[in-house]
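*Asks:* Submitted below is the structure of interest, expressed as structure tokens.
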Amino acid sequence: MGYSNVKSGKPELNFESLKVRVDRVHVDGLERTKDDFVAQSFKDVFGVQNFQQLLEKTIECRLKLEKLGCFKSISVIIDTSEGPKATPGCGYDVTFKVTELSRITGRINTAIENNQGSIGFAAQTPNFLGRGENFKSEIKYSPRQMQTFNTSFTKPLLFNDGSLSAALFKQTTESLASGYKLNEHGLQFGLSFLYGGILNHKMEYEGTIRKVGVLNKNVAFPVRDMSGYSLKSSLHNHFVLDSRDSVVFPVSGTLFQLKTEFAGLGGDIGFFKNELLSQVNVPLVADISVQGSFGAGLITNTTREKHYSIVDRFFLGGPLTLRGFPINTVGPKVDGYAQGGSLYWLSALHLYTPLPHRPQKGTFGDSFRIHLFANAGNLLNSTGSLNDCIQSLGKNLRLTYGIGLVYRLGQLARVELNYCIPVFHQPDDKLIDGMQFGLGVHFV
């Protein structure tokens, strides 16, 4: 009756031999959340045949309820059924005790990008219509007086962990390497799905009014020539296949990311842009691993009547990508100002090891890694045939190697302090031959 003997002679409970029929599922604590919205999350529980399946499906249901974004806490109680409608001998009731999120929440957060931080203030109304809808407004400030304002609406879908989204945004960014300042006002509509927990597919429409200005009177003429207003209307398609065991310090697993953007549905901006990133992580021994990454991108015109601007081009260089070079300074230049390019490739090879005293898992020291690295890449403007451009990418390449200390900041960002030795570079490149500090969420 659900027991099996072990060598010690003591009986051991065998959950797979315990027959189960789920009579009822309760959700206690619902106030504004609609019953039909949560019911889809636990319908599979009614199909279980034994207690082992009941435990597994109950855990799955709890995870589904968490993904709805409606609840602050969720607990589960499994008990035998009682009453005249209870199944004799194998009937069970499952109760999910939930606590809903507050109607209005706010927080102060920080973000890290391109070696600078920003502080943000956000307010949201989670689950405000009772079916997982989320209305959120956020404003961010950075030390260089750049700001971002975003108001978004998100509605979860009940299949493939999907969601619908819409957003209005205003943001200001600067490129010191190119000498321009960009102001954007726009809107976005998105649809995303998650398959099997590792494949994410997102489709977006974006319409943006952009204004490009120059940072000072000495900026190169090609940048000045692109200043002024433009209107971009584009479609984005984004695939991410990620089986890594960690984002910041992966030991095993792979990443494949493909971004495609088609602009030209309206306005005066038109291009077709593709960018990919792949990564492989191989464990060696005792938390030592090797990581290899490769990325590439290509942007082309779609029609003669429309063009693309400097803000749409690719840029290369930085302490977390092509180390040994300042941010966005690699590639074509005019009067010392980076012009970006339409074609690039980038590769990286890392050997990660723990600190010499091998700190225990979960301790402060476990957030550090030592890495030996080598980076190579190139960026140019495509002229002539694609085959000629690919051959040109192998010429005048940049190559750097070195050693550094990496610190994991949360689960998405990292800090690097590296000693860089540039080997191959071009006469007009700015070099960092020695110590380089990096901080951000995008790294290769």
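The way I read the labels, and the way they are meant: chains A, B, ... in the order of the structure tokens, residue 1 as the first residue of every chain, and ligand 1 as the first ligand shown, with later ones counted on from there.
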When you look at Gly336 of chain A with a cut-off of 9 Å (counting only C-alpha atoms), what residues show up, excluding the ones that are within fewer than 6 positions of it in the same chain? I need them as a PyMOL selection string.
*Replies:* chain A and resi 177-178+219-220+428
*Asks:* Keeping only N, CA, C and O atoms, write the selected residues as a short mmCIF file (atom, residue, chain, number, x, y, z; two decimals), in the first residue's frame.
*Replies:*
data_model
loop_
_atom_site.label_atom_id
_atom_site.label_comp_id
_atom_site.auth_asym_id
_atom_site.auth_seq_id
_atom_site.Cartn_x
_atom_site.Cartn_y
_atom_site.Cartn_z
N ALA A 177 32.00 59.60 -28.33
CA ALA A 177 32.95 59.20 -29.37
C ALA A 177 32.59 59.78 -30.72
O ALA A 177 33.47 60.07 -31.54
N SER A 178 31.29 59.99 -30.99
CA SER A 178 30.84 60.51 -32.28
C SER A 178 30.45 61.97 -32.22
O SER A 178 30.31 62.62 -33.26
N VAL A 219 32.54 69.23 -33.89
CA VAL A 219 32.14 67.90 -34.37
C VAL A 219 32.32 67.81 -35.87
O VAL A 219 32.09 68.79 -36.61
N ALA A 220 32.70 66.62 -36.34
CA ALA A 220 32.98 66.41 -37.77
C ALA A 220 31.76 66.72 -38.62
O ALA A 220 30.61 66.51 -38.21
N ASP A 428 44.82 55.31 -36.29
CA ASP A 428 43.91 56.30 -35.71
C ASP A 428 43.11 55.76 -34.53
O ASP A 428 42.21 56.44 -34.02
#
*Asks:* May I have all residues of segment 311-413 of chain A that DSSP, computed from the backbone, assigns to strand (DSSP E), given as a PDB file with N, CA and C atoms, in the first residue's frame?
*Replies:*
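The new file out-v8.pdb reads:
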ATOM      1  N   LYS A 333      36.635  56.991 -38.959  1.00  0.00           N
ATOM      2  CA  LYS A 333      36.609  58.248 -38.221  1.00  0.00           C
ATOM      3  C   LYS A 333      36.800  59.417 -39.175  1.00  0.00           C
ATOM      4  N   VAL A 334      36.249  60.555 -38.787  1.00  0.00           N
ATOM      5  CA  VAL A 334      36.471  61.817 -39.481  1.00  0.00           C
ATOM      6  C   VAL A 334      36.810  62.853 -38.426  1.00  0.00           C
ATOM      7  N   TYR A 337      36.361  61.775 -34.858  1.00  0.00           N
ATOM      8  CA  TYR A 337      35.046  61.373 -34.382  1.00  0.00           C
ATOM      9  C   TYR A 337      34.608  60.089 -35.083  1.00  0.00           C
ATOM     10  N   ALA A 338      34.192  59.101 -34.282  1.00  0.00           N
ATOM     11  CA  ALA A 338      33.778  57.808 -34.819  1.00  0.00           C
ATOM     12  C   ALA A 338      32.500  57.951 -35.633  1.00  0.00           C
ATOM     13  N   LEU A 343      28.945  47.098 -41.137  1.00  0.00           N
ATOM     14  CA  LEU A 343      29.304  45.685 -41.098  1.00  0.00           C
ATOM     15  C   LEU A 343      30.370  45.482 -40.025  1.00  0.00           C
ATOM     16  N   TYR A 344      30.167  44.465 -39.166  1.00  0.00           N
ATOM     17  CA  TYR A 344      31.163  44.224 -38.123  1.00  0.00           C
ATOM     18  C   TYR A 344      31.182  42.753 -37.730  1.00  0.00           C
ATOM     19  N   TRP A 345      32.258  42.351 -37.090  1.00  0.00           N
ATOM     20  CA  TRP A 345      32.328  41.063 -36.417  1.00  0.00           C
ATOM     21  C   TRP A 345      33.106  41.235 -35.131  1.00  0.00           C
ATOM     22  N   LEU A 346      32.831  40.367 -34.172  1.00  0.00           N
ATOM     23  CA  LEU A 346      33.452  40.457 -32.853  1.00  0.00           C
ATOM     24  C   LEU A 346      33.537  39.060 -32.270  1.00  0.00           C
ATOM     25  N   SER A 347      34.680  38.734 -31.684  1.00  0.00           N
ATOM     26  CA  SER A 347      34.836  37.423 -31.056  1.00  0.00           C
ATOM     27  C   SER A 347      35.538  37.578 -29.707  1.00  0.00           C
ATOM     28  N   ALA A 348      35.321  36.592 -28.848  1.00  0.00           N
ATOM     29  CA  ALA A 348      35.934  36.617 -27.518  1.00  0.00           C
ATOM     30  C   ALA A 348      36.180  35.194 -27.046  1.00  0.00           C
ATOM     31  N   LEU A 349      37.283  35.011 -26.349  1.00  0.00           N
ATOM     32  CA  LEU A 349      37.613  33.731 -25.728  1.00  0.00           C
ATOM     33  C   LEU A 349      38.030  34.004 -24.287  1.00  0.00           C
ATOM     34  N   HIS A 350      37.355  33.326 -23.334  1.00  0.00           N
ATOM     35  CA  HIS A 350      37.616  33.530 -21.909  1.00  0.00           C
ATOM     36  C   HIS A 350      37.939  32.197 -21.229  1.00  0.00           C
ATOM     37  N   LEU A 351      38.829  32.252 -20.270  1.00  0.00           N
ATOM     38  CA  LEU A 351      39.044  31.162 -19.329  1.00  0.00           C
ATOM     39  C   LEU A 351      38.729  31.699 -17.938  1.00  0.00           C
ATOM     40  N   TYR A 352      37.661  31.182 -17.313  1.00  0.00           N
ATOM     41  CA  TYR A 352      37.208  31.666 -16.004  1.00  0.00           C
ATOM     42  C   TYR A 352      37.647  30.700 -14.910  1.00  0.00           C
ATOM     43  N   THR A 353      38.168  31.256 -13.812  1.00  0.00           N
ATOM     44  CA  THR A 353      38.530  30.453 -12.651  1.00  0.00           C
ATOM     45  C   THR A 353      38.046  31.158 -11.386  1.00  0.00           C
ATOM     46  N   PHE A 368      33.160  36.588  -7.381  1.00  0.00           N
ATOM     47  CA  PHE A 368      34.321  37.018  -8.152  1.00  0.00           C
ATOM     48  C   PHE A 368      34.826  35.881  -9.039  1.00  0.00           C
ATOM     49  N   ARG A 369      35.405  36.254 -10.179  1.00  0.00           N
ATOM     50  CA  ARG A 369      36.104  35.320 -11.044  1.00  0.00           C
ATOM     51  C   ARG A 369      37.359  36.002 -11.591  1.00  0.00           C
ATOM     52  N   ILE A 370      38.381  35.212 -11.819  1.00  0.00           N
ATOM     53  CA  ILE A 370      39.547  35.655 -12.569  1.00  0.00           C
ATOM     54  C   ILE A 370      39.392  35.141 -13.990  1.00  0.00           C
ATOM     55  N   HIS A 371      39.691  35.982 -14.979  1.00  0.00           N
ATOM     56  CA  HIS A 371      39.571  35.510 -16.351  1.00  0.00           C
ATOM     57  C   HIS A 371      40.775  35.931 -17.185  1.00  0.00           C
ATOM     58  N   LEU A 372      41.215  34.995 -18.008  1.00  0.00           N
ATOM     59  CA  LEU A 372      42.154  35.274 -19.089  1.00  0.00           C
ATOM     60  C   LEU A 372      41.313  35.448 -20.346  1.00  0.00           C
ATOM     61  N   PHE A 373      41.583  36.474 -21.131  1.00  0.00           N
ATOM     62  CA  PHE A 373      40.710  36.760 -22.264  1.00  0.00           C
ATOM     63  C   PHE A 373      41.508  37.153 -23.498  1.00  0.00           C
ATOM     64  N   ALA A 374      40.873  36.953 -24.640  1.00  0.00           N
ATOM     65  CA  ALA A 374      41.374  37.456 -25.921  1.00  0.00           C
ATOM     66  C   ALA A 374      40.174  37.920 -26.725  1.00  0.00           C
ATOM     67  N   ASN A 375      40.246  39.133 -27.271  1.00  0.00           N
ATOM     68  CA  ASN A 375      39.176  39.733 -28.081  1.00  0.00           C
ATOM     69  C   ASN A 375      39.703  40.091 -29.448  1.00  0.00           C
ATOM     70  N   ALA A 376      38.899  39.870 -30.461  1.00  0.00           N
ATOM     71  CA  ALA A 376      39.244  40.290 -31.823  1.00  0.00           C
ATOM     72  C   ALA A 376      37.981  40.768 -32.516  1.00  0.00           C
ATOM     73  N   GLY A 377      38.143  41.693 -33.468  1.00  0.00           N
ATOM     74  CA  GLY A 377      36.991  42.179 -34.206  1.00  0.00           C
ATOM     75  C   GLY A 377      37.374  43.249 -35.201  1.00  0.00           C
ATOM     76  N   ASN A 378      36.376  43.688 -35.964  1.00  0.00           N
ATOM     77  CA  ASN A 378      36.591  44.738 -36.949  1.00  0.00           C
ATOM     78  C   ASN A 378      35.244  45.335 -37.324  1.00  0.00           C
ATOM     79  N   LEU A 379      35.276  46.581 -37.805  1.00  0.00           N
ATOM     80  CA  LEU A 379      34.068  47.288 -38.213  1.00  0.00           C
ATOM     81  C   LEU A 379      34.413  48.185 -39.392  1.00  0.00           C
ATOM     82  N   LEU A 380      33.539  48.201 -40.397  1.00  0.00           N
ATOM     83  CA  LEU A 380      33.775  49.045 -41.577  1.00  0.00           C
ATOM     84  C   LEU A 380      32.451  49.382 -42.241  1.00  0.00           C
ATOM     85  N   ARG A 398      41.411  44.203 -35.174  1.00  0.00           N
ATOM     86  CA  ARG A 398      41.910  44.574 -33.857  1.00  0.00           C
ATOM     87  C   ARG A 398      41.964  43.320 -32.996  1.00  0.00           C
ATOM     88  N   LEU A 399      43.018  43.197 -32.194  1.00  0.00           N
ATOM     89  CA  LEU A 399      43.197  42.036 -31.331  1.00  0.00           C
ATOM     90  C   LEU A 399      43.800  42.483 -30.006  1.00  0.00           C
ATOM     91  N   THR A 400      43.187  42.029 -28.916  1.00  0.00           N
ATOM     92  CA  THR A 400      43.644  42.357 -27.571  1.00  0.00           C
ATOM     93  C   THR A 400      43.586  41.096 -26.708  1.00  0.00           C
ATOM     94  N   TYR A 401      44.562  40.965 -25.793  1.00  0.00           N
ATOM     95  CA  TYR A 401      44.459  39.906 -24.796  1.00  0.00           C
ATOM     96  C   TYR A 401      44.838  40.483 -23.441  1.00  0.00           C
ATOM     97  N   GLY A 402      44.544  39.720 -22.380  1.00  0.00           N
ATOM     98  CA  GLY A 402      44.868  40.228 -21.057  1.00  0.00           C
ATOM     99  C   GLY A 402      44.325  39.348 -19.955  1.00  0.00           C
ATOM    100  N   ILE A 403      44.352  39.877 -18.747  1.00  0.00           N
ATOM    101  CA  ILE A 403      43.880  39.182 -17.554  1.00  0.00           C
ATOM    102  C   ILE A 403      43.108  40.184 -16.714  1.00  0.00           C
ATOM    103  N   GLY A 404      42.105  39.694 -15.984  1.00  0.00           N
ATOM    104  CA  GLY A 404      41.312  40.623 -15.195  1.00  0.00           C
ATOM    105  C   GLY A 404      40.527  39.946 -14.092  1.00  0.00           C
ATOM    106  N   LEU A 405      39.907  40.782 -13.270  1.00  0.00           N
ATOM    107  CA  LEU A 405      39.046  40.352 -12.171  1.00  0.00           C
ATOM    108  C   LEU A 405      37.621  40.777 -12.492  1.00  0.00           C
ATOM    109  N   VAL A 406      36.680  39.844 -12.369  1.00  0.00           N
ATOM    110  CA  VAL A 406      35.280  40.096 -12.693  1.00  0.00           C
ATOM    111  C   VAL A 406      34.438  39.903 -11.446  1.00  0.00           C
ATOM    112  N   TYR A 407      33.515  40.838 -11.204  1.00  0.00           N
ATOM    113  CA  TYR A 407      32.603  40.756 -10.061  1.00  0.00           C
ATOM    114  C   TYR A 407      31.167  40.736 -10.572  1.00  0.00           C
ATOM    115  N   ARG A 408      30.403  39.770 -10.078  1.00  0.00           N
ATOM    116  CA  ARG A 408      28.991  39.674 -10.453  1.00  0.00           C
ATOM    117  C   ARG A 408      28.172  40.636  -9.614  1.00  0.00           C
ATOM    118  N   LEU A 409      27.454  41.538 -10.298  1.00  0.00           N
ATOM    119  CA  LEU A 409      26.617  42.536  -9.644  1.00  0.00           C
ATOM    120  C   LEU A 409      25.170  42.137  -9.865  1.00  0.00           C
ATOM    121  N   ALA A 413      24.260  42.017 -14.195  1.00  0.00           N
ATOM    122  CA  ALA A 413      25.348  42.964 -14.485  1.00  0.00           C
ATOM    123  C   ALA A 413      26.671  42.450 -13.939  1.00  0.00           C
TER     124      ALA A 413
END
*Asks:* Need the shell around Ala166 of chain A: protein/DNA/RNA residues with any atom at most 7 Å away, counting only C-alpha atoms. Skip same-chain ones fewer than 4 positions apart. Format as an MDAnalysis selection string?
*Replies:* chainID A and resid 152:154 188:190
*Asks:* As a list in words, please: the residues near Met435 of chain A (cut-off 8 Å, only C-alpha atoms, same-chain neighbours under 4 positions excluded).
*Replies:*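 So the residues in contact are Leu417, Asn418, Tyr419 and Cys420 of chain A.
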*Asks:* For the residues in that selection, give me N, CA and C atoms as a PDB file, in the first residue's frame.
*Replies:*
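Final output, saved to selection_1.pdb:
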ATOM      1  N   LEU A 417      37.738  44.644 -13.973  1.00  0.00           N
ATOM      2  CA  LEU A 417      38.974  45.408 -13.892  1.00  0.00           C
ATOM      3  C   LEU A 417      40.030  44.567 -14.608  1.00  0.00           C
ATOM      4  N   ASN A 418      40.424  45.011 -15.790  1.00  0.00           N
ATOM      5  CA  ASN A 418      41.277  44.206 -16.666  1.00  0.00           C
ATOM      6  C   ASN A 418      42.597  44.905 -16.970  1.00  0.00           C
ATOM      7  N   TYR A 419      43.620  44.101 -17.174  1.00  0.00           N
ATOM      8  CA  TYR A 419      44.883  44.599 -17.727  1.00  0.00           C
ATOM      9  C   TYR A 419      44.920  44.163 -19.190  1.00  0.00           C
ATOM     10  N   CYS A 420      44.867  45.136 -20.096  1.00  0.00           N
ATOM     11  CA  CYS A 420      44.714  44.871 -21.524  1.00  0.00           C
ATOM     12  C   CYS A 420      46.028  45.113 -22.273  1.00  0.00           C
TER      13      CYS A 420
END
*Asks:* Report the distance between atom CA of Thr151 of chain A and atom CA of Glu138 of chain A in Å, rounded to one decimal place.
*Replies:* 6.5 Å
*Asks:* What is the atom CA of Leu191 of chain A to atom CA of Val248 of chain A distance in Å?
*Replies:* 26.5 Å
*Asks:* Name the residues in contact with Thr80 of chain A at a cut-off of 10 Å, using only C-alpha atoms, excluding same-chain residues fewer than 5 positions from it; report them as a PDB file with N, CA and C atoms, in the first residue's frame.
*Replies:*
ATOM      1  N   VAL A  20      -4.208   8.622  -6.724  1.00  0.00           N
ATOM      2  CA  VAL A  20      -4.725   9.939  -6.365  1.00  0.00           C
ATOM      3  C   VAL A  20      -5.798  10.359  -7.355  1.00  0.00           C
ATOM      4  N   ARG A  21      -6.836  10.977  -6.825  1.00  0.00           N
ATOM      5  CA  ARG A  21      -7.823  11.683  -7.645  1.00  0.00           C
ATOM      6  C   ARG A  21      -8.073  13.032  -6.996  1.00  0.00           C
ATOM      7  N   VAL A  22      -7.850  14.107  -7.739  1.00  0.00           N
ATOM      8  CA  VAL A  22      -8.065  15.453  -7.216  1.00  0.00           C
ATOM      9  C   VAL A  22      -9.542  15.802  -7.363  1.00  0.00           C
ATOM     10  N   ASP A  23     -10.193  15.990  -6.220  1.00  0.00           N
ATOM     11  CA  ASP A  23     -11.620  16.320  -6.227  1.00  0.00           C
ATOM     12  C   ASP A  23     -11.878  17.813  -6.389  1.00  0.00           C
ATOM     13  N   ALA A  86     -16.499  13.339  -1.770  1.00  0.00           N
ATOM     14  CA  ALA A  86     -15.084  12.956  -1.765  1.00  0.00           C
ATOM     15  C   ALA A  86     -14.914  11.550  -2.326  1.00  0.00           C
ATOM     16  N   THR A  87     -13.844  11.347  -3.091  1.00  0.00           N
ATOM     17  CA  THR A  87     -13.534  10.026  -3.635  1.00  0.00           C
ATOM     18  C   THR A  87     -12.998   9.152  -2.515  1.00  0.00           C
ATOM     19  N   PRO A  88     -13.594   8.004  -2.252  1.00  0.00           N
ATOM     20  CA  PRO A  88     -13.155   7.173  -1.117  1.00  0.00           C
ATOM     21  C   PRO A  88     -11.726   6.667  -1.299  1.00  0.00           C
ATOM     22  N   GLY A  89     -10.896   6.863  -0.293  1.00  0.00           N
ATOM     23  CA  GLY A  89      -9.566   6.279  -0.261  1.00  0.00           C
ATOM     24  C   GLY A  89      -8.488   7.033  -1.002  1.00  0.00           C
ATOM     25  N   CYS A  90      -8.819   7.790  -2.051  1.00  0.00           N
ATOM     26  CA  CYS A  90      -7.761   8.453  -2.844  1.00  0.00           C
ATOM     27  C   CYS A  90      -8.129   9.880  -3.256  1.00  0.00           C
ATOM     28  N   GLY A  91      -9.152  10.460  -2.654  1.00  0.00           N
ATOM     29  CA  GLY A  91      -9.546  11.821  -3.003  1.00  0.00           C
ATOM     30  C   GLY A  91      -8.726  12.868  -2.267  1.00  0.00           C
ATOM     31  N   TYR A  92      -8.338  13.909  -2.987  1.00  0.00           N
ATOM     32  CA  TYR A  92      -7.525  14.972  -2.394  1.00  0.00           C
ATOM     33  C   TYR A  92      -8.060  16.336  -2.800  1.00  0.00           C
ATOM     34  N   ASP A  93      -7.856  17.288  -1.898  1.00  0.00           N
ATOM     35  CA  ASP A  93      -8.104  18.700  -2.183  1.00  0.00           C
ATOM     36  C   ASP A  93      -6.774  19.444  -2.219  1.00  0.00           C
ATOM     37  N   VAL A  94      -6.636  20.367  -3.177  1.00  0.00           N
ATOM     38  CA  VAL A  94      -5.438  21.204  -3.277  1.00  0.00           C
ATOM     39  C   VAL A  94      -5.864  22.649  -3.067  1.00  0.00           C
TER      40      VAL A  94
END
*Asks:* What is the atom CA of Ile432 of chain A-atom CA of Arg323 of chain A distance in Å, reported with one decimal?
*Replies:*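 Those two atoms sit 8.3 Å apart.
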*Asks:* Running DSSP on the backbone, which parts of segment 16-70 of chain A land in alpha helix (DSSP H), as a list in words?
*Replies:* Asp35, Asp36, Phe37, Val38, Ala39, Phe51, Gln52, Gln53, Leu54, Leu55, Glu56, Lys57, Thr58, Ile59, Glu60, Cys61, Arg62, Leu63, Lys64, Leu65, Glu66 and Lys67 of chain A
